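Working notes for the structure below.
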Number of protein chains: 4
Amino acid sequence: MPGSSFGQLFTVTTFGESHGPAVGAVLDGVPPGLPLAEGDIQRELDRRRPGQSSVTTERAESDRVEILSGVFEGKTTGTPVALIIRNEGARSSDYQSLRDVLRPGHADWTYLAKYGQRDWRGGGRSSGRETAARVAAGAVAKVLLASRGIEVRGYTLEIAGVRARTFDAAEIERNPVRCPDAAQAAVMVGKIDEAKAAGDSVGGIAEVTVSGCPAGLGEPVFDKLEALLAHAVMSIGGVRAVEVGVGIEAARMRGSQFNDELAMEAGRVVTRTNNAGGIAGGISTGAAVIVRAAFRPPASISLPQASIDVRGEPVTVEVRGRHDPCIVPRAIPVLEAMAALVIADCLLAQDARGVRSR
Amino acid sequence: MPGSSFGQLFTVTTFGESHGPAVGAVLDGVPPGLPLAEGDIQRELDRRRPGQSSVTTERAESDRVEILSGVFEGKTTGTPVALIIRNEGARSSDYQSLRDVLRPGHADWTYLAKYGQRDWRGGGRSSGRETAARVAAGAVAKVLLASRGIEVRGYTLEIAGVRARTFDAAEIERNPVRCPDAAQAAVMVGKIDEAKAAGDSVGGIAEVTVSGCPAGLGEPVFDKLEALLAHAVMSIGGVRAVEVGVGIEAARMRGSQFNDELAMEAGRVVTRTNNAGGIAGGISTGAAVIVRAAFRPPASISLPQASIDVRGEPVTVEVRGRHDPCIVPRAIPVLEAMAALVIADCLLAQDARGVRSR
Amino acid sequence: MPGSSFGQLFTVTTFGESHGPAVGAVLDGVPPGLPLAEGDIQRELDRRRPGQSSVTTERAESDRVEILSGVFEGKTTGTPVALIIRNEGARSSDYQSLRDVLRPGHADWTYLAKYGQRDWRGGGRSSGRETAARVAAGAVAKVLLASRGIEVRGYTLEIAGVRARTFDAAEIERNPVRCPDAAQAAVMVGKIDEAKAAGDSVGGIAEVTVSGCPAGLGEPVFDKLEALLAHAVMSIGGVRAVEVGVGIEAARMRGSQFNDELAMEAGRVVTRTNNAGGIAGGISTGAAVIVRAAFRPPASISLPQASIDVRGEPVTVEVRGRHDPCIVPRAIPVLEAMAALVIADCLLAQDARGVRSR
Amino acid sequence: MPGSSFGQLFTVTTFGESHGPAVGAVLDGVPPGLPLAEGDIQRELDRRRPGQSSVTTERAESDRVEILSGVFEGKTTGTPVALIIRNEGARSSDYQSLRDVLRPGHADWTYLAKYGQRDWRGGGRSSGRETAARVAAGAVAKVLLASRGIEVRGYTLEIAGVRARTFDAAEIERNPVRCPDAAQAAVMVGKIDEAKAAGDSVGGIAEVTVSGCPAGLGEPVFDKLEALLAHAVMSIGGVRAVEVGVGIEAARMRGSQFNDELAMEAGRVVTRTNNAGGIAGGISTGAAVIVRAAFRPPASISLPQASIDVRGEPVTVEVRGRHDPCIVPRAIPVLEAMAALVIADCLLAQDARGVRSR
């Protein structure tokens, strides 16, 4: 499959460019009988939608989803669920002056190298807009997971070097940066506004937790659960690092510190700590699955940068238009979507194995 | 595919348990006409082999590879290349006392949850021994890459908190930890020996660099080059974090710092810096592709740990036998193998697209 | 992939039910730079459209295709090409009386067994309407093939036992049964009209020829060219047999009769006969690839049939509504589409192998 | 996957050339806990082995299988099952005179076109010897199917135009052509011996029946059960036609004749007839699944044939050595193996869907 599909049993295929007629997704393998309505998907899309606050791009898009197939009388039928979101508010004129320019940090040059041509309007397929299709697909995965008691929750841990110090789940969706620490959230917003005013952008770190996940998910060797999650998360534009559990800190621990001891609790096998992030030997342990992603600062900045044009001539680039000074807050639902797609796929794979998950 | 295959056009399928008759790999999609001999593979296996120094396990295995198919008159034929390595020196008796024990940090519990049973001899399929098959397969990928002028090189950056400060490529294969800084290598060895004496283990960080890689490799959206690399690298047992380019530090940079400016040099498009690790928009830029992996300390330690047995009864575990106190030095060829498999697969995918890579 | 995708490098995923909002297809892996307009696709859809003559269903559908992505300035970009066709003229009321009935010869019972439920409106996903998406996708494949000098042509060989005796290519699209023998075409039409008047339906045999196909396409062992073609053709609803070259007659020939002798002609390797249908050892020879499909008579007939309802109670079924008394004429473009998708996929796979096709 | 793998959840990858060190298969996705021993596989291999009677090649091979992985204490573990069969009795010298010759009806020319080179010893990968690996893999699939009450049985219907007239299941494995009609079997043997004496070869037709198959297997649209079976069966070397149920005769029936009426019997949905061969809408009905394959006469004959050599020069070919004058009897276990692999894969896919098969 040439890159626009993900998953083996719960499979999503996306399509669409930033300034084309629509973006969308086709989900194949959705189990039959799940209650599904456009509202379930719209709710997630609204979380990703631009124009939510000062820290996101002002591009106005209503991002209305339409279900084209696979749902009958309010329930999934087991056949492909196709979703489309018409593009609105695309201003290709913003990009007219950039049509021959290869912007630093963007995919302009690499798409040209790969395809011998490119759709220069708003980044085309390389635009963050493609993540709307991921979020729509992830919303369907979340419905499946919810029916099994599994919850996927993402939040911001750090922006521009400012780190959350407390964790209040109720706070996450209340502040514009989706941070579980209200006080630090305010500092983060200040940092973003400051960078934006300077014509610059900032990065950050987000975390996603999957709770209620049964033991036994993930395939040994190449398709370890953490490998699938790393694939999924690293495929989100702008991610430069993926960590599982304690992540990079594991490299500085001793085995006696890192190993999660096993115990019985209420008749279930549990780990006393969760340094491994809910995965051992590539297979879920039953503890919360924890993954983190580090996002680079967005490439579109209005500060002048040296680059070249498509003829190889030097140019100075100043990217105007409406851009996110920090992608992390809007990337949270995307991160959740990708994690949900992985877990849904692994659930079905384990069902196929005929061993009841514990 | 249920987890033991990797790659779409240059595909490897591995098999084998630690204490079974053999481990091996089948490569399908190897282009015809490549010169290939057992020596090409044996050389890489020898780098991964246990018993190389005080910092690795003393388990003695000669790890002789046999090519069973796909090579005729010294060249690949285009048909599957099957490789087997007979297991030797397995001492299942070492594990007899552990057969009912679920070791902390190991896959004992998760395999049981997944399969309802497990091969308790030496970790079975979850043993690091399966990486011998990866290294063998990666050696074939390296032959393809070499024919295109692409080189894959791995080395140790950090062990037990001790970090390399200099980079001397010639030094890498000269010291037992495969570190490009000879002085720090000696410190690392000391740290490993100390942990081993204490019945404990340590972690570390390794890096792999792919040079000579053409621009245009990787597929947009889900199969971005960094996503495939993250998948590949995170699938190696013990990896807890994967970084590309500056990695996690990208989260603390501003766009104006992070963006790699483009320029022309000797008629080729180049980037003045390489913060992105040779990948933009999921596609290779032509600069060196740089990936890092953080390894946890090995799970097998002889210090006593609390755990349970298969009946859920509490036990104290002390893992005896022959184990690596630090996996990083022997993981270097595995890391290279996985990177090579990804690049080989992407090369063929790009060939299929009909746009000549630049 | 759960059944709605086809192809590995030139991949199509379809979606949509007979009476849902739309049917459509997403093509991933379309090479960049191909000229593509909605007209290229519409032309093929018009050949499949119902209501073309007395021998097809009267259901009126304009079947207008919309390209949602993957085309920029009149050319493919290399990113997914999404196509949708809104459903019109669906009269679900025709099916209201059948909602609890399991019709003989239809997929009513098997969908219920598979999914535990079904969309009873017009057959849902099992409707022949899904083939509109195949034809749309196949039209894109044909554009690729045409750019390489490959032509795919289908026609009717036999209907209701009446067989074509002559072959006039120009005649095919001139008569309502797409038969290369005008005289026999008229007899076929008579047989169809007669069956229709009797409330019954008839079957037939169609053939597709791929000319200009280079030698070297198809993968040995499981993905032989004829195996992929058989898969593709047998996946069209109503096909009960697939033949390659002389087909079933091969079973009655001697080796000395069947073997196609090789010779040189104008500097190219040719076969003096083409009993093998252009494929030897699973790989194309360079001669025309020839495949035939036998179609059963359509299941929807108005004659009374004994069956059961969803509660298992016996019922008598008389299927009213607008149905095709013979599917073969409208299946010709579907057959061409499936053959084109296979050849396109094999072409790209062979490009990836790096041996120039001859 | 480049052609040597088959199946999505119950996946087999094969390797090996006729005159290389070994042929073999890796099965991934085998459910854990199945009792499996080498004897289960050897029994099937013995049925395919050459030298069984006058109607098969005299090449002597013991075809001993070795299980390299995936089985522990007599049961499958859920990890890959690797099987190898060492090649013996290969006489490459038989082929020395043919190394530059492109034999009619063989894959010599097409492998050369595809790969730019070929292993001329005994046909290399294109040899019927690769089917030993299929039979070994199919034996494992049969163990899974047997555990679910599903039986796969193949037999010869026709050889050299001589057709079975009666069906006595007990007779099948008693005569050298595996025909359920003992009298006609004797006539078939005579026809084969006669062709052999004349330096020629003959074709025939085989059928495979899957009984005990639950309703609900197969995926709509592209992966209909009959499409997967057609793919599987047409991938066997020498097959030129595949039929399901009444097959090609369906094209000459009316809908009122062809449609299988539904009824209840002992609380189960049944069809009164089985013209559809146990499949409706691409999904199994619960009735016996019936597939037929037409085999061409083997390409290797000792009668002189005109051809060319690798330089394009005309030559006369007389194939000496040890060859099967009719492949059908030895193809029966291969046909069963391919059918078993398809059904096993579909079973697991349906398990993953979470609807209990009926």
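Letters A, B, ... go to the chains of the structure tokens in the order shown; residues in each chain start at 1; ligands are counted from 1 in the same order.
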
Present chain D as a compact mmCIF listing (two decimals) with C-alpha atoms, in the first residue's frame, least-squares fitted onto chain A over all of its C-alpha atoms paired in order.
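Result file is superposed_8.txt:
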```txt
# COMPACT_ATOMS: atom_id res chain seq x y z
CA MET D 1 -0.01 0.02 0.01
CA PRO D 2 1.52 3.32 -1.05
CA GLY D 3 1.40 5.22 2.19
CA SER D 4 -2.13 6.51 2.61
CA SER D 5 -3.46 3.43 4.40
CA PHE D 6 -2.89 2.33 7.97
CA GLY D 7 -3.84 -0.83 9.85
CA GLN D 8 -4.41 -4.40 8.80
CA LEU D 9 -7.85 -5.38 10.10
CA PHE D 10 -9.20 -2.01 11.13
CA THR D 11 -7.84 -0.16 8.12
CA VAL D 12 -8.02 3.51 7.29
CA THR D 13 -7.20 5.05 3.91
CA THR D 14 -7.12 8.82 3.68
CA PHE D 15 -7.10 11.23 0.78
CA GLY D 16 -7.15 14.92 0.05
CA GLU D 17 -5.11 18.05 -0.34
CA SER D 18 -5.24 21.30 1.56
CA HIS D 19 -6.79 23.27 -1.29
CA GLY D 20 -8.54 20.53 -3.23
CA PRO D 21 -12.30 19.84 -3.06
CA ALA D 22 -12.23 17.64 0.06
CA VAL D 23 -10.28 15.51 2.46
CA GLY D 24 -11.63 12.20 3.71
CA ALA D 25 -11.11 8.68 4.92
CA VAL D 26 -12.37 5.20 4.19
CA LEU D 27 -12.40 2.76 7.10
CA ASP D 28 -12.58 -0.89 6.23
CA GLY D 29 -12.95 -3.58 8.85
CA VAL D 30 -15.14 -1.66 11.25
CA PRO D 31 -17.04 -4.37 13.17
CA PRO D 32 -20.78 -4.46 12.50
CA GLY D 33 -23.35 -3.32 15.00
CA LEU D 34 -21.54 -0.32 16.51
CA PRO D 35 -23.75 2.73 17.04
CA LEU D 36 -22.27 5.50 14.89
CA ALA D 37 -23.52 8.94 13.95
CA GLU D 38 -21.96 11.99 12.34
CA GLY D 39 -22.02 13.68 15.72
CA ASP D 40 -19.52 11.17 17.11
CA ILE D 41 -17.08 12.25 14.44
CA GLN D 42 -17.95 15.93 14.39
CA ARG D 43 -17.16 16.24 18.09
CA GLU D 44 -13.60 15.15 17.48
CA LEU D 45 -13.21 17.27 14.37
CA ASP D 46 -14.32 20.30 16.32
CA ARG D 47 -11.44 19.71 18.72
CA ARG D 48 -8.96 19.79 15.83
CA ARG D 49 -10.59 22.66 13.95
CA PRO D 50 -8.55 25.78 13.36
CA GLY D 51 -9.59 29.12 14.79
CA GLN D 52 -10.29 27.90 18.31
CA SER D 53 -8.14 30.46 20.06
CA SER D 54 -5.31 32.94 19.70
CA VAL D 55 -2.77 30.11 19.68
CA THR D 56 -4.13 28.49 16.53
CA THR D 57 -4.35 29.55 12.90
CA GLU D 58 -7.17 31.91 12.03
CA ARG D 59 -8.10 29.94 8.92
CA ALA D 60 -11.84 29.42 9.31
CA GLU D 61 -13.11 25.97 8.48
CA SER D 62 -16.32 24.47 9.71
CA ASP D 63 -15.04 20.97 8.87
CA ARG D 64 -18.43 19.30 8.53
CA VAL D 65 -18.17 15.56 8.13
CA GLU D 66 -20.51 13.50 5.97
CA ILE D 67 -20.81 9.72 6.31
CA LEU D 68 -21.14 8.27 2.80
CA SER D 69 -21.43 4.55 3.56
CA GLY D 70 -21.23 1.74 6.05
CA VAL D 71 -23.89 2.94 8.46
CA PHE D 72 -27.51 1.80 8.35
CA GLU D 73 -30.21 2.64 10.84
CA GLY D 74 -27.62 4.23 13.14
CA LYS D 75 -25.30 1.27 13.26
CA THR D 76 -22.22 0.17 11.39
CA THR D 77 -22.90 -2.62 8.92
CA GLY D 78 -19.39 -4.09 8.68
CA THR D 79 -18.82 -2.57 5.23
CA PRO D 80 -16.50 0.39 4.56
CA VAL D 81 -17.29 3.62 6.36
CA ALA D 82 -16.43 6.52 4.04
CA LEU D 83 -16.16 10.02 5.46
CA ILE D 84 -15.65 13.28 3.62
CA ILE D 85 -15.00 16.81 4.76
CA ARG D 86 -15.29 19.48 2.11
CA ASN D 87 -12.54 22.07 2.13
CA GLU D 88 -13.66 25.62 2.77
CA GLY D 89 -11.91 28.86 3.35
CA ALA D 90 -8.88 27.84 1.33
CA ARG D 91 -7.15 30.94 0.03
CA SER D 92 -4.82 29.66 -2.66
CA SER D 93 -3.91 33.26 -3.41
CA ASP D 94 -1.93 33.27 -0.16
CA TYR D 95 0.36 30.80 -1.85
CA GLN D 96 0.60 32.33 -5.28
CA SER D 97 3.81 34.16 -4.42
CA LEU D 98 5.32 30.95 -3.11
CA ARG D 99 4.57 28.70 -6.06
CA ASP D 100 8.14 28.60 -7.28
CA VAL D 101 9.76 28.82 -3.84
CA LEU D 102 11.07 25.87 -1.84
CA ARG D 103 10.32 26.84 1.75
CA PRO D 104 12.79 25.78 4.49
CA GLY D 105 11.42 23.13 6.82
CA HIS D 106 8.57 22.30 4.47
CA ALA D 107 8.10 19.38 2.09
CA ASP D 108 8.34 21.56 -1.02
CA TRP D 109 11.72 20.26 -2.08
CA THR D 110 11.14 16.66 -1.08
CA TYR D 111 7.78 16.39 -2.88
CA LEU D 112 9.46 17.78 -5.95
CA ALA D 113 12.23 15.18 -5.62
CA LYS D 114 9.74 12.39 -5.06
CA TYR D 115 7.05 13.20 -7.61
CA GLY D 116 8.78 15.47 -10.10
CA GLN D 117 6.08 18.05 -9.43
CA ARG D 118 3.95 19.37 -6.58
CA ASP D 119 0.66 20.97 -5.66
CA TRP D 120 1.96 24.26 -4.26
CA ARG D 121 -1.41 25.42 -2.91
CA GLY D 122 -1.22 25.32 0.87
CA GLY D 123 1.23 22.44 0.94
CA GLY D 124 -1.12 20.11 -0.95
CA ARG D 125 -1.04 16.66 0.56
CA SER D 126 1.78 17.59 2.94
CA SER D 127 -0.45 20.10 4.69
CA GLY D 128 -1.51 19.47 8.26
CA ARG D 129 -5.00 19.51 6.82
CA GLU D 130 -4.71 15.79 6.07
CA THR D 131 -4.93 15.18 9.79
CA ALA D 132 -8.63 16.10 9.70
CA ALA D 133 -9.16 12.76 7.97
CA ARG D 134 -7.14 11.00 10.67
CA VAL D 135 -9.22 12.58 13.40
CA ALA D 136 -12.44 11.55 11.66
CA ALA D 137 -11.19 7.98 11.33
CA GLY D 138 -9.92 7.94 14.88
CA ALA D 139 -13.36 8.95 16.09
CA VAL D 140 -14.74 5.72 14.65
CA ALA D 141 -11.96 3.75 16.34
CA LYS D 142 -12.82 5.43 19.61
CA VAL D 143 -16.40 4.22 19.31
CA LEU D 144 -15.14 0.65 18.98
CA LEU D 145 -12.75 1.10 21.91
CA ALA D 146 -15.42 2.65 24.10
CA SER D 147 -17.59 -0.41 23.47
CA ARG D 148 -14.79 -2.45 25.03
CA GLY D 149 -14.16 -0.10 27.92
CA ILE D 150 -10.99 1.42 26.51
CA GLU D 151 -10.35 5.16 26.72
CA VAL D 152 -7.75 7.21 24.87
CA ARG D 153 -6.78 10.59 26.28
CA GLY D 154 -4.17 13.07 25.08
CA TYR D 155 -2.80 16.26 26.60
CA THR D 156 0.06 18.71 26.42
CA LEU D 157 3.04 18.14 28.71
CA GLU D 158 5.34 20.88 27.52
CA ILE D 159 5.37 23.87 25.18
CA ALA D 160 8.33 26.12 24.44
CA GLY D 161 10.22 24.57 27.34
CA VAL D 162 7.41 25.20 29.83
CA ARG D 163 6.41 21.92 31.48
CA ALA D 164 3.23 20.86 33.25
CA ARG D 165 3.82 20.24 36.96
CA THR D 166 0.43 18.95 38.02
CA PHE D 167 -2.15 16.67 36.43
CA ASP D 168 -5.80 17.61 36.56
CA ALA D 169 -7.66 15.66 33.88
CA ALA D 170 -10.66 17.97 34.10
CA GLU D 171 -8.43 20.90 33.17
CA ILE D 172 -7.24 19.52 29.82
CA GLU D 173 -10.07 20.63 27.57
CA ARG D 174 -10.58 23.85 29.50
CA ASN D 175 -7.48 25.71 28.38
CA PRO D 176 -6.41 26.49 24.81
CA VAL D 177 -3.23 24.41 25.02
CA ARG D 178 -4.92 21.29 26.40
CA CYS D 179 -2.59 21.12 29.39
CA PRO D 180 -3.59 19.33 32.61
CA ASP D 181 -1.87 22.09 34.63
CA ALA D 182 -3.91 25.31 34.42
CA ALA D 183 -1.16 27.54 35.78
CA GLN D 184 1.50 26.33 33.40
CA ALA D 185 -1.04 26.40 30.57
CA ALA D 186 -1.25 30.13 31.01
CA VAL D 187 2.54 30.43 30.81
CA MET D 188 2.54 28.30 27.66
CA VAL D 189 -0.05 30.56 26.03
CA GLY D 190 2.16 33.54 26.80
CA LYS D 191 5.15 31.86 25.18
CA ILE D 192 3.16 31.04 22.06
CA ASP D 193 1.78 34.57 21.75
CA GLU D 194 5.27 35.98 22.17
CA ALA D 195 6.71 33.74 19.45
CA LYS D 196 3.83 34.59 17.16
CA ALA D 197 4.38 38.27 17.67
CA ALA D 198 8.03 37.75 16.78
CA GLY D 199 7.03 36.01 13.53
CA ASP D 200 8.35 32.76 14.90
CA SER D 201 6.97 29.42 16.15
CA VAL D 202 7.50 27.02 19.06
CA GLY D 203 7.44 23.27 19.68
CA GLY D 204 6.33 21.05 22.53
CA ILE D 205 5.60 17.62 23.91
CA ALA D 206 2.28 15.78 24.12
CA GLU D 207 1.33 12.54 25.83
CA VAL D 208 -1.43 10.04 25.19
CA THR D 209 -2.68 7.45 27.65
CA VAL D 210 -4.76 4.41 26.77
CA SER D 211 -6.56 3.05 29.80
CA GLY D 212 -8.65 -0.10 30.02
CA CYS D 213 -6.51 -1.81 27.42
CA PRO D 214 -6.51 -5.61 27.94
CA ALA D 215 -3.28 -7.58 28.22
CA GLY D 216 -2.29 -9.43 25.06
CA LEU D 217 -2.40 -6.74 22.37
CA GLY D 218 0.47 -6.29 19.91
CA GLU D 219 2.38 -8.79 17.83
CA PRO D 220 5.85 -10.02 18.72
CA VAL D 221 8.91 -9.15 16.65
CA PHE D 222 8.19 -6.49 13.99
CA ASP D 223 4.70 -5.42 15.01
CA LYS D 224 5.26 -4.94 18.70
CA LEU D 225 2.62 -2.66 20.17
CA GLU D 226 5.19 0.09 20.78
CA ALA D 227 6.46 -0.27 17.20
CA LEU D 228 2.98 0.21 15.79
CA LEU D 229 2.41 3.16 18.10
CA ALA D 230 5.76 4.70 17.15
CA HIS D 231 4.89 4.27 13.48
CA ALA D 232 1.48 5.86 14.02
CA VAL D 233 2.71 8.76 16.10
CA MET D 234 5.84 9.49 14.06
CA SER D 235 3.64 9.65 10.97
CA ILE D 236 2.03 12.83 12.31
CA GLY D 237 3.67 15.79 10.65
CA GLY D 238 6.16 17.55 12.90
CA VAL D 239 6.84 14.72 15.35
CA ARG D 240 10.58 14.24 15.87
CA ALA D 241 10.68 11.82 18.79
CA VAL D 242 8.47 9.12 20.26
CA GLU D 243 8.79 7.72 23.75
CA VAL D 244 7.03 4.83 25.50
CA GLY D 245 6.69 4.73 29.28
CA VAL D 246 9.68 6.41 30.90
CA GLY D 247 11.11 6.69 27.40
CA ILE D 248 14.59 8.08 27.00
CA GLU D 249 15.10 8.01 30.75
CA ALA D 250 15.16 4.20 30.55
CA ALA D 251 18.63 4.53 29.06
CA ARG D 252 19.86 5.97 32.36
CA MET D 253 18.20 3.49 34.69
CA ARG D 254 19.46 0.18 36.03
CA GLY D 255 17.52 -3.02 35.42
CA SER D 256 16.62 -3.23 39.10
CA GLN D 257 14.99 0.21 38.82
CA PHE D 258 13.36 -0.19 35.44
CA ASN D 259 11.78 -3.65 35.69
CA ASP D 260 8.13 -3.46 36.69
CA GLU D 261 7.45 -6.04 39.38
CA LEU D 262 4.38 -8.22 38.92
CA ALA D 263 1.70 -8.80 41.53
CA MET D 264 -1.89 -9.98 41.85
CA GLU D 265 -4.57 -7.44 42.62
CA ALA D 266 -8.26 -8.28 42.78
CA GLY D 267 -7.58 -11.47 40.86
CA ARG D 268 -5.75 -9.70 38.04
CA VAL D 269 -2.07 -9.57 37.18
CA VAL D 270 -0.79 -6.03 37.66
CA THR D 271 2.57 -4.28 37.62
CA ARG D 272 3.57 -2.32 40.74
CA THR D 273 5.15 0.39 38.62
CA ASN D 274 4.63 1.23 34.96
CA ASN D 275 8.04 2.24 33.66
CA ALA D 276 7.46 0.14 30.56
CA GLY D 277 4.41 2.18 29.60
CA GLY D 278 2.04 -0.77 29.64
CA ILE D 279 3.98 -2.92 27.18
CA ALA D 280 6.38 -5.83 27.76
CA GLY D 281 7.93 -7.86 24.96
CA GLY D 282 5.85 -5.85 22.52
CA ILE D 283 2.57 -6.94 24.10
CA SER D 284 0.26 -4.95 26.36
CA THR D 285 0.44 -5.81 30.06
CA GLY D 286 -2.99 -4.52 31.04
CA ALA D 287 -1.55 -1.36 32.61
CA ALA D 288 -2.12 2.03 30.96
CA VAL D 289 -0.31 2.37 27.65
CA ILE D 290 1.65 5.64 27.67
CA VAL D 291 3.23 7.30 24.63
CA ARG D 292 4.79 10.72 24.18
CA ALA D 293 5.53 12.73 21.06
CA ALA D 294 7.90 15.66 20.68
CA PHE D 295 6.73 18.19 18.10
CA ARG D 296 9.04 20.56 16.33
CA PRO D 297 8.03 24.21 15.92
CA PRO D 298 5.89 24.72 12.79
CA ALA D 299 7.86 25.43 9.63
CA SER D 300 5.77 28.39 8.50
CA ILE D 301 7.21 31.55 10.05
CA SER D 302 7.17 35.10 8.82
CA LEU D 303 10.79 35.82 9.74
CA PRO D 304 12.99 35.98 6.63
CA GLN D 305 14.81 32.74 5.75
CA ALA D 306 17.33 31.96 3.05
CA SER D 307 16.32 29.32 0.53
CA ILE D 308 16.15 28.54 -3.19
CA ASP D 309 13.45 28.46 -5.82
CA VAL D 310 12.57 25.59 -8.16
CA ARG D 311 15.28 26.74 -10.56
CA GLY D 312 17.88 26.57 -7.82
CA GLU D 313 18.21 30.34 -7.51
CA PRO D 314 18.69 31.80 -4.02
CA VAL D 315 15.65 33.54 -2.56
CA THR D 316 14.57 35.02 0.76
CA VAL D 317 11.35 33.50 2.08
CA GLU D 318 8.87 35.18 4.42
CA VAL D 319 5.83 32.96 4.87
CA ARG D 320 2.70 35.07 5.18
CA GLY D 321 -0.81 33.75 5.59
CA ARG D 322 -2.59 32.08 8.50
CA HIS D 323 -0.50 29.57 10.37
CA ASP D 324 -0.30 27.89 13.77
CA PRO D 325 2.53 29.32 15.89
CA CYS D 326 2.46 26.02 17.84
CA ILE D 327 0.90 22.82 16.57
CA VAL D 328 0.69 20.91 19.86
CA PRO D 329 -2.80 21.95 21.07
CA ARG D 330 -4.45 21.01 17.78
CA ALA D 331 -2.29 17.89 17.48
CA ILE D 332 -3.76 16.37 20.64
CA PRO D 333 -6.86 14.93 18.91
CA VAL D 334 -4.64 13.73 16.07
CA LEU D 335 -2.39 11.90 18.52
CA GLU D 336 -5.43 10.34 20.18
CA ALA D 337 -6.77 9.30 16.78
CA MET D 338 -3.56 7.54 15.80
CA ALA D 339 -3.33 5.75 19.13
CA ALA D 340 -6.98 4.70 18.86
CA LEU D 341 -6.44 3.32 15.35
CA VAL D 342 -3.50 1.21 16.55
CA ILE D 343 -5.34 -0.19 19.54
CA ALA D 344 -8.46 -0.96 17.47
CA ASP D 345 -6.36 -2.85 14.93
CA CYS D 346 -4.55 -4.84 17.61
CA LEU D 347 -7.82 -5.70 19.35
CA LEU D 348 -9.22 -7.28 16.20
CA ALA D 349 -5.95 -9.10 15.52
CA GLN D 350 -6.06 -10.58 18.99
CA ASP D 351 -9.71 -11.56 18.53
CA ALA D 352 -8.64 -13.44 15.41
CA ARG D 353 -6.12 -15.38 17.46
CA GLY D 354 -8.86 -17.02 19.45
CA VAL D 355 -7.30 -16.43 22.87
CA ARG D 356 -9.57 -14.36 25.05
CA SER D 357 -7.83 -11.16 26.10
CA ARG D 358 -7.55 -10.81 29.84
```

Original post:
Quick one: DSSP strand (DSSP E) residues in region 22-147 of chain C, as a list of chain:residue names?
Top reply: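 Everything in region 22-147 of chain C that counts as strand (DSSP E) is C:Ala22, C:Val23, C:Gly24, C:Ala25, C:Val26, C:Leu27, C:Asp28, C:Val65, C:Glu66, C:Ile67, C:Val71, C:Phe72, C:Lys75, C:Thr76, C:Val81, C:Ala82, C:Leu83, C:Ile84, C:Ile85, C:Arg86, C:Val101, C:Leu102.
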
Subject >> Filtered DSSP result for region 228-305 of chain D, state alpha helix (DSSP H), as a list of chain:residue names >> reply: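 The alpha helix (DSSP H) subset of region 228-305 of chain D is D:Leu228, D:Leu229, D:Ala230, D:His231, D:Ala232, D:Val233, D:Met234, D:Gly255, D:Ser256, D:Gln257, D:Phe258.
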
Write to file, as a short mmCIF file (atom, residue, chain, number, x, y, z; two decimals), in the first residue's frame, the residues of the selection just made, with C-alpha atoms.
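Generated output (part_34.cif):
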```
data_model
loop_
_atom_site.label_atom_id
_atom_site.label_comp_id
_atom_site.auth_asym_id
_atom_site.auth_seq_id
_atom_site.Cartn_x
_atom_site.Cartn_y
_atom_site.Cartn_z
CA LEU D 228 -9.51 -15.97 -2.92
CA LEU D 229 -10.00 -19.59 -3.95
CA ALA D 230 -9.54 -18.73 -7.63
CA HIS D 231 -6.36 -16.84 -6.77
CA ALA D 232 -5.08 -19.78 -4.71
CA VAL D 233 -5.94 -22.44 -7.24
CA MET D 234 -4.84 -20.51 -10.33
CA GLY D 255 -31.94 -17.72 -12.99
CA SER D 256 -34.87 -19.93 -12.03
CA GLN D 257 -32.63 -22.98 -12.49
CA PHE D 258 -29.45 -21.60 -10.98
#
```
